[in-house]
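Student: Submitted below is the structure of interest, expressed as structure tokens.
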Amino acid sequence: MLGLNRKDAILLLIVAVLALFAPFILNPFPVDSALAQFNAGYPDLMQRFVIFGIFAIGFNILFGLTGYLSFGHAAFLGVGSYSAVWMFKLLSMNVLPALVFSVVIAGLFALVIGYVSLRRSGIYFSILTLAFAQMSFNLAYSVLTPITNGETGLQLALTDPRILDSAQVGGSLPVTSLFGAEMRSAMTLDLAGWSFTFSVGYYLCAIIMLIAFYLSVRLFRSPFGLMLRAIKSNQQRLNYTGLESRPYTLAAFVISGMYAGLAGGLLASMDPLAGADRMQWTASGEVVLMTILGGAGTLIGPVLGAGFIKYFENIFSKINESILHQWFAFLPDGVQDFIVMILYPFIGKGWSLTLGIMFMLVVIFLPGGLVEGGQRIARLFRRTKTTDGDVVSTKTKPAE
Amino acid sequence: MTEQTCPVILAYALVLVGTGASHRMAGTMDAIILQILNGLDKGAAYALIALGLTLIFGTLGVVNFAHGALFMIGAFCAVALQALFNASTVTLDPTKLDFLGNPAKVETPYLVSWFGPEMGASIIDWSVPLAILFAFPIMVIFGFVLERGLIKHFYKRPHADQILVTFGLAIVLQEIVKYFFGANPIPTSAPDVFRGSLDFGVWLGFEANAIIYPYWRLVYFAFAALLIASVFGFLQFTTFGMVVRAGMADRETVGLLGIDIDKRFTLIFGLAAAVAGLAGVMYTPILSPNYHMGMDFLVLSFVVVVVGGMGSLPGAVLAGFLLGILQSFASMNEVKSLIPGIDQIIIYLVAIIILLSRPRGLMGRKGVMEE
Amino acid sequence: MSNSRFTRRGLLKSGTLAGVGLAMPTIFTSRANAFTNDPTGGTVTLGFNVPQTGAYADEGADELRAFELAVEHLNGGGDGGMLSTFSSKALQGNGILGKKVQFVTGDTQTKSDAARASAQSMIQKDGAIMISGGSSSGVAVAVQGLCQEAGVIFMAGLTHSNDTTGKDRKANGFRHFFNAYMSAAALAPVLKGLYGSDRAAYHLTADYTWGWTQEESIAAATEAIGWSTINKVRTPLGLGDYSSYIAPVLNSGADVLILNHYGGDMVNSLTNAVQFGIRDRQANGKNFEIVVPLYSELMARGAGQNIKGIPGSQNWDWKLQDDGTKAFVKSFGTKFGFPPSQAAQTCYAQTLLYADAVTRAGTFNPCGVVEALEGFEFDGLGNGKTLYRAEDHQCFKDVIVVRGKENPENEFDLVEIVEVTPVGQVTYAPDHPMFAGGALGACNPGA
């Protein structure tokens with residue numbers, strides 16, 4: 001199917017199903033139940049899941065395949081966002097030109113930085129990319145404020161020219177759209193206590209993510225992908241065969257920069273604001289963590305890692321003390337206070353502590369990241385299934 | 001850009017900085033001396049952190065993202081000691097009222113009640129220098145525990161895994177500190193005798209107030225120089241140090257010679273932790289410590305180590321001072337007016353120029369962390 | 001499970017039937033409400049978006065305490081706090097319009113991006129009808145923009161930049177806190193009284209929008225009292241060590257150092273400046289002085305002894321002696337054991353102001369709330385007589401000029417009030433050049 005082998009096609013299908021039914025899957029609890037706190041199926045977070053998924057998929061093309069660890073990828077994300085917002089300000093609120101522009105600009109930016117940085121390898125490369133990204137961040141925050149609006153971040157204004165659609169609706173800002181379909185418009189399906197929201201913006205992101213994922217699968221399986229893997233396993237040997245490896249790594253770098261630019265453009269399309277924070281080293285570090293956490297070099301890992309981190313950041317940080325008290329309200333007061341006291345440091349404002357602990361646990365017990373966790377579980381099931389099958393097969397047909 | 005053009009760029013940048021400095025030559029000599037002092041001081045801090053980091057890199061091959069956290073833990077050793085010294089008995093003073101109109105609480109530190117007001121107060125006053133004695137064993141033991149309990153299992157793992165686990169560790173450490181000490185910076189002052197500043201310029205024949213430098217920063221510089229010298233001395237003149245240096249140069253051969261290098265790693269980690277920790281302790285009067293100070297230093301210390309060159313201790317120290325001094329010069333108004341925003345990016349700009357003109361940083365070894 | 005027989009087919013059949021039955025009464029609803037998050041049940045949800053991680057986590061925690069207290073008082077709990085002193089008597093302690101007040105919290109991380117994500121989650125997931133809190137102007141402007149687009153009310157927390165109600169003002173956003181212009185207008189006469197009118201100032205400014213607006217405001221105000229400005233130097237954000245910027249100050253010909261830094265940056269630059277002995281020296285035959293235009297008493301604790309005698313301005317201080325302040329300090333202090341910060345006070349006041357506006361408007365509709373707040377005059381919330389100006393949604397009230405105390409009695413008693421500058425002195429025209437370039441636009445009820 002689509003030029004994929006069976007295994008990859010199944011993977012793509014699974015990702016597609018997960019992405020398209022995410023509004024259901026991420027909202028497993030009824031609205032009024034205590035566990036509704038853990039629901040993540042609202043448009044903004046779902047958009048972030050897939051957008052950072054795109055970012056991580058792109059990062060993985062560079063890191064997972066070539067082994068080059070870029071510590072400055074957030075710069076491309078930020079550049080993508082700025083480009084998109086500028087398109088909204090100057091041209092039109094249609095997201096299409098904005099996305100194209102952000103990918104192109106991020107690609108050019110990546111070409112320049114990649115051309116220079118790829119002259120070195122290993123940690124020297126990492127620090128070069130870090131240095132470029134930090135320079136971009138520091139300048140965007142201060143000297144380049146006319147372009148970036150500094151600390152506040154670049155926003156739309158009523159006075160923007162917007163050449164193609166300058167007509168204003170009353171005194172309010174226009175909204176981003178795709179040929180009239182507003183990104184923020186959403187439908188809500190109320191179903192016996194459950195509530196599911198389907199937003200236009202999310203589905204646009206999800207479809208773009210699927211395309212991005214598909215392209216990355218094709219790239220992984222292509223001769224080009226093979227060449228990149230060869231660079232990772234032994235660049236020297238590759239060079240001895242007479243092949244110049246740098247064009248390949250540069251291509252991978254630019255492609256992954258374009259993915260980051262796309263993610264940045266999408267972020268701005270969903271919420272037209274581009275802040276300098278997006279380029280800080282912490283943001284670059286985050287995508288590194290996402291990729292490693294999920295499983296570097298695997299196809300689905302980075303997306304899982306992205307979802308994992310964003311879930312903690314947005315869901316865990318919102319559980320506060322009074323919610324804890326509500327959960328354990330059925331317990332006697334003393335016990336309740338005790339349990340809340342124990343749990344409190346790990347939730348709400350302590351969400352990053354829990355995240356840090358999860359990082360350590362995952363890397364200690366699952367060297368291949370979350371993907372390995374999934375594989376282990378799958379193997380466990382398969383083993384029990386096969387042993388079951390062996391015993392049972394003599395009597396009845398195995399289960400479907 | 002070819003290999004040859006890079007030194008040209010470097011030279012050009014230096015000329016730019018140079019012309020900036022000489023832009024207003026009249027009366028700038030004192031400003032330059034002042035910035036050199038500042039640079040040395042900043043550089044001392046960078047060099048101390050980078051020294052430990054590069055020790056761990058060079059010998060253990062571990063990318064330690066928790067190194068900034070070790071620096072922070074050291075600083076909080078000083079905070080904790082200060083808090084310990086200030087542990088007080090609380091009595092209610094009915095003659096005074098607190099903000100709610102209740103009798104005010106009066107706190108008398110135990111030290112004051114034990115040693116009398118004067119002696120007690122001066123012990124509290126000296127809490128930062130005393131914290132060195134307190135922090136050294138704590139940091140060494142902490143380093144041992146970390147190495148045995150966690151880092152040891154990651155020697156053979158890919159660098160990516162090391163980054164993830166040490167980054168997780170750094171977050172956990174700083175969140176624990178935040179839980180106990182809060183997020184605000186905590187004032188920790190130097191002993192009274194080191195408060196204020198020295199009119200350095202008068203000695204050199206400048207007018208009064210031309211070059212003024214705080215006493216504690218001079219102390220910090222001297223301390224850093226001493227610490228760096230003793231680490232080098234330790235590695236240079238002891239058998240242990242010899243093995244470690246050999247291990248940094250060629251770990252495999254040392255192993256083949258029948259030397260159990262792994263055993264020494266624990267001690268190395270403890271040593272690196274102690275150096276970072278002591279740097280943190282002494283830094284507290286310069287900047288009030290807060291729980292995220294380690295993260296703030298992390299990126300910078302990596303840049304310093306890599307600019308110095310992987311696996312080279314002198315390189316790390318040299319890069320620390322170089323970047324410190326260049327950063328100070330870049331923040332001079334004359335330079336800033338020439339190149340706006342230069343002080344925001346100077347460190348990274350210099351890092352890029354150096355890494356492009358010298359493939360392995362200033363003094364890096366071939367093949368260390370190049371894959 | 002011996003008697004019942006479940007078959008997959010049977011289960012599917014009955015499941016489908018049940019599903020269809022359940023789906024019958026409810027269809028896809030495209031939110032037919034008049035405005036975003038119209039509270040339909042017996043409760044109304046407010047969203048408190050404060051920094052919980054990062055440098056301003058403690059300030060965020062104090063804001064959260066104030067919100068908690070405000071919600072308690074709105075629901076009729078506790079001692080009622082400033083409800084009893086508030087000049088508007090619309091609030092009855094029975095929630096807002098009879099609906100019990102609930103709240104959700106989130107972490108801004110003091111980053112525009114994270115703050116917007118957190119606010120989005122409150123609006124989209126939790127159905128928050130109002131967002132409040134925050135500890136930086138960048139975040140306030142970003143979240144204010146979001147609230148405008150989403151159609152909810154934003155009651156800004158601690159934000160001091162002129163832009164929040166200047167060039168980035170929005171119809172759905174309201175600021176109770178004062179701003180850089182007001183700081184400057186209040187400080188200048190006091191500075192003149194303290195240090196005379198023949199002074200030369202050297203600015204060190206955090207290199208981002210808030211810093212610039214404050215530098216601009218202070219420079220203009222001090223020049224108006226006869227001071228000269230020797231230099232304005234921009235410093236990188238979150239620098240840590242400011243020594244290389246402070247070292248040249250002494251010899252620059254200036255005799256006053258103005259630190260346009262906030263929070264952690266302020267603690268560091270002030271600590272560095274005092275270390276360099278700036279205050280022990282003389283320049284131009286006068287004692288060298290330091291001014292910190294915006295005080296954050298919470299963060300100032302980090303500077304310890306170094307703040308002694310240093311003048312600055314505050315939106316509010318717990319040592320004020322009006323009834324509102326006393327009532328608030330009493331209920332806050334009784335509940336938490338220490339006095340509230342100015343961040344806490346502004347957040348508490350904002351929550352009450354919002355609730356009161358809804359009650360007076362008789363609707364949660366943001367446009368009704370905007371109308372009720374615009375031009376609203378009130379008293380008894382700790383700052384004296386206050387006006388929510390209709391033109392820019394900025395509160396106009398007295399400004400407190402403070403000084404670091406020489407002999408603090410406890411760790412909360414860091415500053416003493418030098419003067420309460422009357423509101424008349426700090427008022428400016430809505431189209432003042434420092435605030436120009438923005439437009440409120442129309443209120444947006446969303447949906």
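Just remember, in the structure tokens the first chain shown is A, the second B, etc., residues are 1-based per chain, and ligands are 1-based in the order shown.
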Find the residues near region 300-309 of chain C: any atom within 8 Å, counting only C-alpha atoms, skip ones fewer than 6 places away on the same chain, and give them as a PyMOL selection string.
Tutor: (chain B and resi 184-188+288) or (chain C and resi 263+266-268+270-271+274+403-406+411+414)
Student: Limited to N, CA and C atoms, could you put the picked residues into a file as an mmCIF file, in the first residue's frame?
Tutor:
data_model
loop_
_atom_site.group_PDB
_atom_site.id
_atom_site.type_symbol
_atom_site.label_atom_id
_atom_site.label_comp_id
_atom_site.auth_asym_id
_atom_site.auth_seq_id
_atom_site.Cartn_x
_atom_site.Cartn_y
_atom_site.Cartn_z
ATOM 1 N N ASN B 184 12.437 31.324 45.391
ATOM 2 C CA ASN B 184 13.088 32.633 45.465
ATOM 3 C C ASN B 184 14.569 32.501 45.736
ATOM 4 N N PRO B 185 15.345 33.469 45.261
ATOM 5 C CA PRO B 185 16.751 33.477 45.645
ATOM 6 C C PRO B 185 16.884 33.693 47.156
ATOM 7 N N ILE B 186 17.892 33.088 47.736
ATOM 8 C CA ILE B 186 18.073 33.186 49.182
ATOM 9 C C ILE B 186 19.348 33.970 49.466
ATOM 10 N N PRO B 187 19.238 35.061 50.209
ATOM 11 C CA PRO B 187 20.440 35.854 50.455
ATOM 12 C C PRO B 187 21.431 35.099 51.325
ATOM 13 N N THR B 188 22.670 34.990 50.859
ATOM 14 C CA THR B 188 23.741 34.395 51.657
ATOM 15 C C THR B 188 24.916 35.345 51.517
ATOM 16 N N SER B 288 22.753 35.459 44.894
ATOM 17 C CA SER B 288 21.898 34.710 45.808
ATOM 18 C C SER B 288 21.442 33.433 45.121
ATOM 19 N N GLY C 263 12.405 41.150 39.681
ATOM 20 C CA GLY C 263 12.491 39.805 40.232
ATOM 21 C C GLY C 263 13.926 39.340 40.425
ATOM 22 N N MET C 266 16.619 41.625 39.287
ATOM 23 C CA MET C 266 16.792 42.752 40.203
ATOM 24 C C MET C 266 17.638 42.330 41.404
ATOM 25 N N VAL C 267 17.326 41.171 41.958
ATOM 26 C CA VAL C 267 18.089 40.687 43.108
ATOM 27 C C VAL C 267 19.572 40.603 42.750
ATOM 28 N N ASN C 268 19.848 40.036 41.556
ATOM 29 C CA ASN C 268 21.238 39.858 41.163
ATOM 30 C C ASN C 268 21.934 41.180 40.879
ATOM 31 N N LEU C 270 21.176 44.159 41.877
ATOM 32 C CA LEU C 270 21.301 44.964 43.089
ATOM 33 C C LEU C 270 22.400 44.408 43.992
ATOM 34 N N THR C 271 22.413 43.078 44.137
ATOM 35 C CA THR C 271 23.453 42.465 44.958
ATOM 36 C C THR C 271 24.831 42.809 44.403
ATOM 37 N N VAL C 274 25.722 46.520 45.063
ATOM 38 C CA VAL C 274 26.108 46.789 46.447
ATOM 39 C C VAL C 274 27.491 46.211 46.732
ATOM 40 N N ARG C 403 10.803 52.438 50.559
ATOM 41 C CA ARG C 403 12.255 52.412 50.718
ATOM 42 C C ARG C 403 12.615 51.172 51.498
ATOM 43 N N GLY C 404 13.726 50.547 51.153
ATOM 44 C CA GLY C 404 14.189 49.408 51.942
ATOM 45 C C GLY C 404 14.407 49.854 53.383
ATOM 46 N N LYS C 405 13.891 49.083 54.312
ATOM 47 C CA LYS C 405 13.930 49.470 55.715
ATOM 48 C C LYS C 405 15.324 49.257 56.292
ATOM 49 N N GLU C 406 15.741 50.171 57.156
ATOM 50 C CA GLU C 406 17.074 50.038 57.752
ATOM 51 C C GLU C 406 17.130 48.899 58.761
ATOM 52 N N GLU C 411 11.170 39.042 58.511
ATOM 53 C CA GLU C 411 11.500 38.852 57.095
ATOM 54 C C GLU C 411 10.440 39.402 56.148
ATOM 55 N N LEU C 414 10.183 44.396 54.995
ATOM 56 C CA LEU C 414 11.400 44.777 54.296
ATOM 57 C C LEU C 414 11.421 46.242 53.898
#
Student: As a list in words, please: the residues near Gly81 (chain C) (cut-off 8 Å, only C-alpha atoms, same-chain neighbours under 4 positions excluded).
Tutor: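 Once the nearby chain positions are removed, what remains is His73, Thr85, Gly324, Ala327, Phe328, Lys330 and Ser331 of chain C.
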Student: With N, CA and C atoms retained, could you export that selection as a tab-separated table (two decimals), in the first residue's frame?
Tutor:
chain	number	residue	atom	x	y	z
C	73	HIS	N	-14.11	33.65	49.91
C	73	HIS	CA	-14.93	34.77	50.34
C	73	HIS	C	-16.15	34.95	49.43
C	85	THR	N	-15.42	45.65	53.02
C	85	THR	CA	-14.96	47.02	52.87
C	85	THR	C	-15.16	47.56	51.47
C	324	GLY	N	-9.69	48.41	53.91
C	324	GLY	CA	-9.61	47.30	52.98
C	324	GLY	C	-8.34	46.50	53.22
C	327	ALA	N	-8.46	44.54	56.47
C	327	ALA	CA	-9.31	43.36	56.40
C	327	ALA	C	-8.63	42.25	55.60
C	328	PHE	N	-7.99	42.63	54.50
C	328	PHE	CA	-7.35	41.63	53.64
C	328	PHE	C	-6.16	40.99	54.36
C	330	LYS	N	-5.64	40.75	57.44
C	330	LYS	CA	-6.10	39.93	58.56
C	330	LYS	C	-6.54	38.56	58.06
C	331	SER	N	-7.38	38.53	57.03
C	331	SER	CA	-7.86	37.21	56.63
C	331	SER	C	-6.77	36.40	55.94
Student: Determine which residues of region 190-364 of chain B receive a DSSP assignment of strand (DSSP E or B), computed from the backbone, and state them as a ChimeraX atom specification.
Tutor: /B:197-199,212-214
Student: Can I get the selected residues back with C-alpha atoms, as a compact mmCIF listing (two decimals), in the first residue's frame?
Tutor:
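Output file again_19.txt is given in full below:
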# COMPACT_ATOMS: atom_id res chain seq x y z
CA SER B 197 35.22 46.83 47.68
CA LEU B 198 38.85 47.62 47.11
CA ASP B 199 40.01 50.71 45.28
CA ILE B 212 36.96 49.30 42.19
CA TYR B 213 36.64 45.63 42.86
CA PRO B 214 34.67 43.80 45.56
Student: With 6 Å as the limit and counting only C-alpha atoms, what residues in chain A lie close to chain B? Please list them as a ChimeraX atom specification.
Tutor: /A:121-123,128,131,135,138,143,353,356,359-360
Student: Identify all residues of region 48-252 of chain A in helix (DSSP H, G or I) (DSSP on the backbone) and supply them as a ChimeraX atom specification.
Tutor: /A:48-66,74-90,95-117,122-141,145-148,200-221,223-240,246-252
Student: Could you build a table of the residues in chain B lying no more than 9 Å from chain C, giving for each the nearest pair of atoms and their separation in Å rounded to one decimal place, using only C-alpha atoms, ordered by chain and ascending residue number, as CSV?
Tutor:
residue,atom,partner,partner_atom,distance
B:Ala31,CA,C:Pro248,CA,6.4
B:Leu34,CA,C:Ala247,CA,6.9
B:Gln35,CA,C:Ser244,CA,6.3
B:Asn38,CA,C:Ser244,CA,6.0
B:Gly39,CA,C:Ser244,CA,7.9
B:Lys42,CA,C:Asp241,CA,8.0
B:Asp98,CA,C:Asn410,CA,8.9
B:Phe99,CA,C:Pro339,CA,7.4
B:Leu100,CA,C:Lys330,CA,6.1
B:Gly182,CA,C:Asp58,CA,6.6
B:Ala183,CA,C:Asp58,CA,5.5
B:Asn184,CA,C:Asp58,CA,6.2
B:Pro185,CA,C:Gly302,CA,4.6
B:Ile186,CA,C:Gly302,CA,4.7
B:Pro187,CA,C:Gly302,CA,4.9
B:Thr188,CA,C:Gly304,CA,8.0
B:Ser189,CA,C:Gly304,CA,8.4
B:Arg195,CA,C:Gln275,CA,6.8
B:Gly196,CA,C:Gly277,CA,5.0
B:Ser197,CA,C:Gly277,CA,5.3
B:Leu198,CA,C:Gly277,CA,8.5
B:Asn209,CA,C:Asn251,CA,6.5
B:Ala210,CA,C:Asn251,CA,5.8
B:Ile211,CA,C:Ala247,CA,8.0
B:Ile212,CA,C:Phe276,CA,6.8
B:Tyr213,CA,C:Phe276,CA,6.0
B:Pro214,CA,C:Phe276,CA,5.0
B:Tyr215,CA,C:Gln275,CA,8.3
B:Trp216,CA,C:Gln275,CA,8.1
B:Arg217,CA,C:Gln275,CA,8.8
B:Pro285,CA,C:Thr271,CA,8.6
B:Ile286,CA,C:Asn272,CA,6.8
B:Leu287,CA,C:Asn268,CA,5.9
B:Ser288,CA,C:Gly302,CA,6.4
B:Pro289,CA,C:Gly302,CA,8.6
B:Asn290,CA,C:Ala55,CA,8.0
B:Tyr291,CA,C:Ala55,CA,8.4
B:His292,CA,C:Gly54,CA,7.3
B:Met293,CA,C:Gly240,CA,8.6
B:Asp296,CA,C:Gly240,CA,8.3
B:Gln327,CA,C:Ser244,CA,8.4
B:Ser328,CA,C:Ser244,CA,5.4
B:Phe329,CA,C:Ser244,CA,8.0
B:Ser331,CA,C:Ser244,CA,6.4
B:Met332,CA,C:Tyr245,CA,7.2
B:Asn333,CA,C:Val233,CA,7.3
B:Gly341,CA,C:Pro236,CA,8.6
B:Asp343,CA,C:Pro236,CA,7.5
B:Gln344,CA,C:Pro236,CA,5.9
Student: Within 6 Å of Val402 (chain C), counting only C-alpha atoms, which residues show up once you throw out same-chain ones fewer than 6 positions away? Write them as a PDB file with N, CA and C atoms, in the first residue's frame, please.
Tutor:
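result-v9.pdb was written with the following content:
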ATOM      1  N   PRO C 311      15.110  53.311  47.313  1.00  0.00           N
ATOM      2  CA  PRO C 311      13.732  53.669  46.997  1.00  0.00           C
ATOM      3  C   PRO C 311      13.201  52.937  45.772  1.00  0.00           C
ATOM      4  N   GLY C 312      11.898  52.757  45.771  1.00  0.00           N
ATOM      5  CA  GLY C 312      11.220  52.123  44.652  1.00  0.00           C
ATOM      6  C   GLY C 312       9.725  52.332  44.797  1.00  0.00           C
ATOM      7  N   SER C 313       8.954  51.751  43.881  1.00  0.00           N
ATOM      8  CA  SER C 313       7.509  51.948  43.975  1.00  0.00           C
ATOM      9  C   SER C 313       6.812  50.605  44.054  1.00  0.00           C
ATOM     10  N   GLU C 416       9.668  50.319  53.993  1.00  0.00           N
ATOM     11  CA  GLU C 416       8.810  51.262  54.696  1.00  0.00           C
ATOM     12  C   GLU C 416       8.188  52.191  53.659  1.00  0.00           C
ATOM     13  N   ILE C 417       6.976  52.630  53.949  1.00  0.00           N
ATOM     14  CA  ILE C 417       6.277  53.487  53.001  1.00  0.00           C
ATOM     15  C   ILE C 417       6.786  54.909  53.159  1.00  0.00           C
ATOM     16  N   VAL C 418       7.283  55.471  52.062  1.00  0.00           N
ATOM     17  CA  VAL C 418       7.782  56.837  52.113  1.00  0.00           C
ATOM     18  C   VAL C 418       6.661  57.814  51.824  1.00  0.00           C
TER      19      VAL C 418
END
Student: Using only C-alpha atoms, find the residues of chain A whose closest atom to chain C is at most 9 Å away, then write them as a PyMOL selection string.
Tutor: chain A and resi 37+39-45+48+138+141-143+145+149-153+155-159+170-175+184-192+271+273-278+313-315+317-320+323+348-352
Student: Rounded to one decimal in Å, what is the spacing between CA of Phe48 (chain C) and CA of Met155 (chain C)?
Tutor: 9.7 Å
Student: Report the distance between CA of Gly47 (chain C) and CA of Thr386 (chain C) in Å, rounded to one decimal place.
Tutor: 24.7 Å
Student: Quick one, how far is CA of Ile211 (chain A) from CA of Ala9 (chain A)?
Tutor: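 CA of Ala9 (chain A) lies 13.0 Å from CA of Ile211 (chain A).
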Student: My list of candidates is C:Tyr202, C:Cys147, C:Gly133, C:Ala436. Which is closest to Thr36 (chain C) when distances are computed with only C-alpha atoms?
Tutor: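 Smallest separation from Thr36 (chain C) among the options: C:Cys147.
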Student: Which residues are close to Gly294 (chain B), i.e. within 8 Å by only C-alpha atoms, leaving aside same-chain residues fewer than 4 positions away? Reply as a ChimeraX atom specification.
Tutor: /B:67-72,298
